[in-house]
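Trainee: Provided herewith is a single structure, encoded as structure tokens, for subsequent inquiry.
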Amino acid sequence: MLKPQIAKLLNEQVNAEFFASNIYLQLSAWCENAGLEGSAKFFREHSLEEREHMDKIFDYMAECSLPITIGAIDAPPTEYGNLMDVINAAYQHELKVTAMINNIAKTAFELQDYTTFNFIEWFIAEQHEEEVLFGKILSKAETLDFKGQTGQTLGIMDNFLRMLDQK
Ligand code: OFO
């Protein structure tokens, strides 16, 4: 039986992954509305990926016979000035999730819950990949001197996001 402290953190993470999925879905909707189809596709796929993360933790909790509570999920922000704001919001969000995952790993290790520590290692690697992914997008924007302005670079960024391999 896992310790209550771990059960609480995992349950919070289930809800956090749900929230992440909704954030990305909202970002996708914003991009659709702005006529940025490539970016909309990218964020839509990312939303599904977050949903898979939620499922993974849900399954682990169920396997460990832990109670799972799906709470109220906050509404994600809807207003963004431009595509760069959207990208920055996604990156900042990933940094927060990384901190949450690291906290689960730290707590599991301190409590000598090596099963959860082993489980959460997958997420540590995943967060690294996600930060690398958003780092690539940010460095592309920097190379193009893209700050969210309309024009040719917006089209290039939109296409770059369309082509990014998220797996
Ligand atoms: Fe679940 O990895 Fe992004 O947030």
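Residues are named by chain letter and number: chains run A, B, ... in the order of the structure tokens, numbers start at 1 in each chain, and ligands are numbered from 1 in the order shown.
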Leaving out A:Lys56 and any residue of its chain fewer than 3 positions from it, which residues lie within 12 Å of it when counting only C-alpha atoms, given as JSON, numbers by chain?
Mentor: {"A": [10, 11, 13, 14, 17, 18, 49, 50, 51, 52, 53, 59, 60, 61, 62, 63, 119, 120, 122, 123]}
Trainee: Give me the residues within 12 Å of A:Leu95 as a PyMOL selection string, counting only C-alpha atoms and dropping any in the same chain fewer than 5 places off.
Mentor: chain A and resi 20+88-90+100-102+124+127-132+134-135
Trainee: Would you output that residue set with all heavy atoms, as a CSV table (one decimal), in the first residue's frame?
Mentor:
```csv
chain,number,residue,atom,x,y,z
A,20,ALA,N,-3.5,20.3,-18.0
A,20,ALA,CA,-2.6,20.5,-19.1
A,20,ALA,C,-3.3,20.2,-20.4
A,20,ALA,O,-3.1,21.0,-21.4
A,20,ALA,CB,-1.4,19.7,-18.9
A,88,ASN,N,5.0,30.8,-25.4
A,88,ASN,CA,5.6,31.1,-24.0
A,88,ASN,C,4.8,30.6,-22.9
A,88,ASN,O,5.3,30.0,-21.9
A,88,ASN,CB,5.8,32.6,-23.8
A,88,ASN,CG,7.1,33.1,-24.5
A,88,ASN,OD1,8.1,32.4,-24.5
A,88,ASN,ND2,7.0,34.3,-25.1
A,89,ALA,N,3.4,30.6,-23.1
A,89,ALA,CA,2.5,30.1,-22.1
A,89,ALA,C,2.7,28.6,-22.0
A,89,ALA,O,2.7,28.0,-20.9
A,89,ALA,CB,1.1,30.4,-22.4
A,90,ALA,N,2.9,27.9,-23.1
A,90,ALA,CA,3.0,26.5,-23.1
A,90,ALA,C,4.4,26.1,-22.4
A,90,ALA,O,4.4,25.2,-21.6
A,90,ALA,CB,3.0,25.9,-24.5
A,100,MET,N,6.5,19.7,-10.6
A,100,MET,CA,5.6,18.8,-9.9
A,100,MET,C,6.0,17.4,-9.9
A,100,MET,O,6.0,16.6,-9.0
A,100,MET,CB,4.2,18.9,-10.5
A,100,MET,CG,3.4,20.2,-10.2
A,100,MET,SD,1.8,20.2,-11.0
A,100,MET,CE,0.8,19.4,-9.7
A,101,ILE,N,6.5,17.0,-11.1
A,101,ILE,CA,7.0,15.6,-11.3
A,101,ILE,C,8.2,15.4,-10.4
A,101,ILE,O,8.4,14.3,-9.8
A,101,ILE,CB,7.3,15.3,-12.8
A,101,ILE,CG1,6.0,15.4,-13.7
A,101,ILE,CG2,8.1,14.0,-13.0
A,101,ILE,CD1,5.1,14.3,-13.4
A,102,ASN,N,9.1,16.4,-10.4
A,102,ASN,CA,10.4,16.2,-9.6
A,102,ASN,C,10.0,16.1,-8.2
A,102,ASN,O,10.7,15.3,-7.4
A,102,ASN,CB,11.3,17.5,-9.8
A,102,ASN,CG,11.9,17.4,-11.2
A,102,ASN,OD1,11.9,16.4,-11.9
A,102,ASN,ND2,12.5,18.5,-11.6
A,124,ILE,N,9.8,11.8,-15.7
A,124,ILE,CA,11.0,12.7,-15.7
A,124,ILE,C,11.6,12.8,-17.1
A,124,ILE,O,11.9,13.9,-17.6
A,124,ILE,CB,12.1,12.1,-14.7
A,124,ILE,CG1,11.5,12.2,-13.3
A,124,ILE,CG2,13.4,12.9,-14.8
A,124,ILE,CD1,12.4,11.5,-12.2
A,127,GLN,N,9.3,14.8,-19.3
A,127,GLN,CA,9.4,16.3,-19.1
A,127,GLN,C,10.6,16.8,-19.8
A,127,GLN,O,10.6,17.9,-20.3
A,127,GLN,CB,9.3,16.6,-17.6
A,127,GLN,CG,7.9,16.6,-17.0
A,127,GLN,CD,6.9,17.3,-17.8
A,127,GLN,OE1,5.9,16.8,-18.3
A,127,GLN,NE2,7.1,18.6,-18.0
A,128,HIS,N,11.7,16.0,-19.7
A,128,HIS,CA,12.9,16.5,-20.4
A,128,HIS,C,12.7,16.6,-21.9
A,128,HIS,O,13.0,17.7,-22.5
A,128,HIS,CB,14.1,15.5,-20.1
A,128,HIS,CG,15.3,15.7,-21.0
A,128,HIS,ND1,16.1,16.8,-20.8
A,128,HIS,CD2,15.8,15.1,-22.0
A,128,HIS,CE1,17.0,16.8,-21.7
A,128,HIS,NE2,16.9,15.8,-22.4
A,129,GLU,N,12.0,15.7,-22.5
A,129,GLU,CA,11.7,15.7,-23.9
A,129,GLU,C,10.8,16.9,-24.2
A,129,GLU,O,11.0,17.6,-25.2
A,129,GLU,CB,10.9,14.5,-24.3
A,129,GLU,CG,11.7,13.4,-24.8
A,129,GLU,CD,10.9,12.2,-25.2
A,129,GLU,OE1,9.8,12.3,-25.7
A,129,GLU,OE2,11.4,11.0,-25.1
A,130,GLU,N,9.8,17.2,-23.3
A,130,GLU,CA,8.9,18.3,-23.6
A,130,GLU,C,9.7,19.7,-23.5
A,130,GLU,O,9.4,20.6,-24.3
A,130,GLU,CB,7.7,18.3,-22.7
A,130,GLU,CG,7.0,17.0,-22.9
A,130,GLU,CD,5.5,17.1,-22.6
A,130,GLU,OE1,5.0,18.0,-22.0
A,130,GLU,OE2,4.8,16.2,-23.0
A,131,GLU,N,10.6,19.7,-22.5
A,131,GLU,CA,11.3,21.0,-22.4
A,131,GLU,C,12.3,21.2,-23.6
A,131,GLU,O,12.4,22.3,-24.1
A,131,GLU,CB,12.1,21.0,-21.1
A,131,GLU,CG,11.2,21.3,-19.9
A,131,GLU,CD,12.0,21.5,-18.6
A,131,GLU,OE1,13.1,21.9,-18.7
A,131,GLU,OE2,11.4,21.2,-17.6
A,132,VAL,N,12.8,20.0,-24.1
A,132,VAL,CA,13.7,20.1,-25.3
A,132,VAL,C,12.8,20.6,-26.5
A,132,VAL,O,13.2,21.4,-27.3
A,132,VAL,CB,14.3,18.7,-25.6
A,132,VAL,CG1,15.0,18.7,-27.0
A,132,VAL,CG2,15.4,18.4,-24.5
A,134,PHE,N,10.0,22.4,-26.6
A,134,PHE,CA,9.7,23.8,-26.5
A,134,PHE,C,10.9,24.7,-26.6
A,134,PHE,O,10.8,25.8,-27.2
A,134,PHE,CB,8.8,24.1,-25.3
A,134,PHE,CG,7.4,23.7,-25.4
A,134,PHE,CD1,6.9,22.5,-24.9
A,134,PHE,CD2,6.6,24.4,-26.2
A,134,PHE,CE1,5.6,22.1,-25.1
A,134,PHE,CE2,5.2,24.0,-26.4
A,134,PHE,CZ,4.8,22.9,-25.9
A,135,GLY,N,12.0,24.1,-26.2
A,135,GLY,CA,13.3,24.8,-26.4
A,135,GLY,C,13.6,25.0,-27.9
A,135,GLY,O,14.1,26.1,-28.3
```
Trainee: Check the smallest atom-to-atom distance from each of A:Glu12, A:Glu32, A:Glu94, A:Glu79 to ligand 1 using only C-alpha atoms and all ligand atoms, then report the winner.
Mentor: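 Looking only at the distances to ligand 1, the closest residue turns out to be A:Glu94.
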Trainee: So which one's closest to A:Asp85, A:Leu138, A:Ala16, A:Leu25, A:Leu2? Using only C-alpha atoms, please.
Mentor: A:Leu138
Trainee: Just how far from atom CA of A:His93 is atom CA of A:Gln26, in Å to one decimal?
Mentor: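 Atom-to-atom, atom CA of A:Gln26 to atom CA of A:His93, that is 13.2 Å.
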Trainee: Go ahead and compute the interatomic distance for atom CA of A:Leu161 and atom CA of A:Ser39, in Å to one decimal.
Mentor: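 Computing it gives 5.3 Å between the two atoms.
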Trainee: If we count only C-alpha atoms, what is near stretch 152-159 of chain A at a cut-off of 9 Å, once residues fewer than 2 positions away on the same chain are taken out, given as JSON, numbers by chain?
Mentor: {"A": [36, 37, 38, 39, 40, 83, 137, 140, 141, 144, 145, 146, 147, 148, 149, 150, 161, 162, 163, 164]}
Trainee: Suppose we keep C-alpha atoms; can you now write the selection as a PDB file, in the first residue's frame?
Mentor:
```pdb
ATOM      1  CA  LEU A  36      -2.814  29.168 -37.717  1.00  0.00           C
ATOM      2  CA  GLU A  37      -3.623  25.627 -38.744  1.00  0.00           C
ATOM      3  CA  GLY A  38      -0.159  24.177 -38.222  1.00  0.00           C
ATOM      4  CA  SER A  39       0.015  25.486 -34.671  1.00  0.00           C
ATOM      5  CA  ALA A  40      -3.553  24.359 -33.997  1.00  0.00           C
ATOM      6  CA  LEU A  83       1.504  33.118 -31.348  1.00  0.00           C
ATOM      7  CA  ILE A 137      10.481  26.115 -30.835  1.00  0.00           C
ATOM      8  CA  LYS A 140      13.550  28.711 -33.988  1.00  0.00           C
ATOM      9  CA  ALA A 141      11.640  31.865 -33.045  1.00  0.00           C
ATOM     10  CA  LEU A 144      13.776  34.059 -37.208  1.00  0.00           C
ATOM     11  CA  ASP A 145      13.544  37.066 -34.885  1.00  0.00           C
ATOM     12  CA  PHE A 146       9.901  36.123 -34.481  1.00  0.00           C
ATOM     13  CA  LYS A 147       8.184  37.966 -31.665  1.00  0.00           C
ATOM     14  CA  GLY A 148       4.610  37.233 -32.659  1.00  0.00           C
ATOM     15  CA  GLN A 149       4.357  39.747 -35.490  1.00  0.00           C
ATOM     16  CA  THR A 150       2.275  39.020 -38.582  1.00  0.00           C
ATOM     17  CA  LEU A 161       4.960  23.736 -35.559  1.00  0.00           C
ATOM     18  CA  ARG A 162       2.903  21.701 -38.043  1.00  0.00           C
ATOM     19  CA  MET A 163       5.939  19.594 -38.937  1.00  0.00           C
ATOM     20  CA  LEU A 164       7.285  19.006 -35.417  1.00  0.00           C
TER      21      LEU A 164
END
```
Trainee: Which distance in Å separates atom CA of A:Gln5 and atom CA of A:His46, to one decimal?
Mentor: 29.1 Å
Trainee: Which one of A:Leu133, A:Ala7, A:Leu66, A:Ala34 sits closest to ligand 1 if you count only C-alpha atoms and all ligand atoms?
Mentor: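 Ranked by minimum distance to ligand 1, first place goes to A:Leu133.
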Trainee: Identify all residues of chain A in alpha helix (DSSP H) (DSSP on the backbone) and supply them as an MDAnalysis selection string.
Mentor: chainID A and resid 4:33 37:63 83:110 114:144 152:163
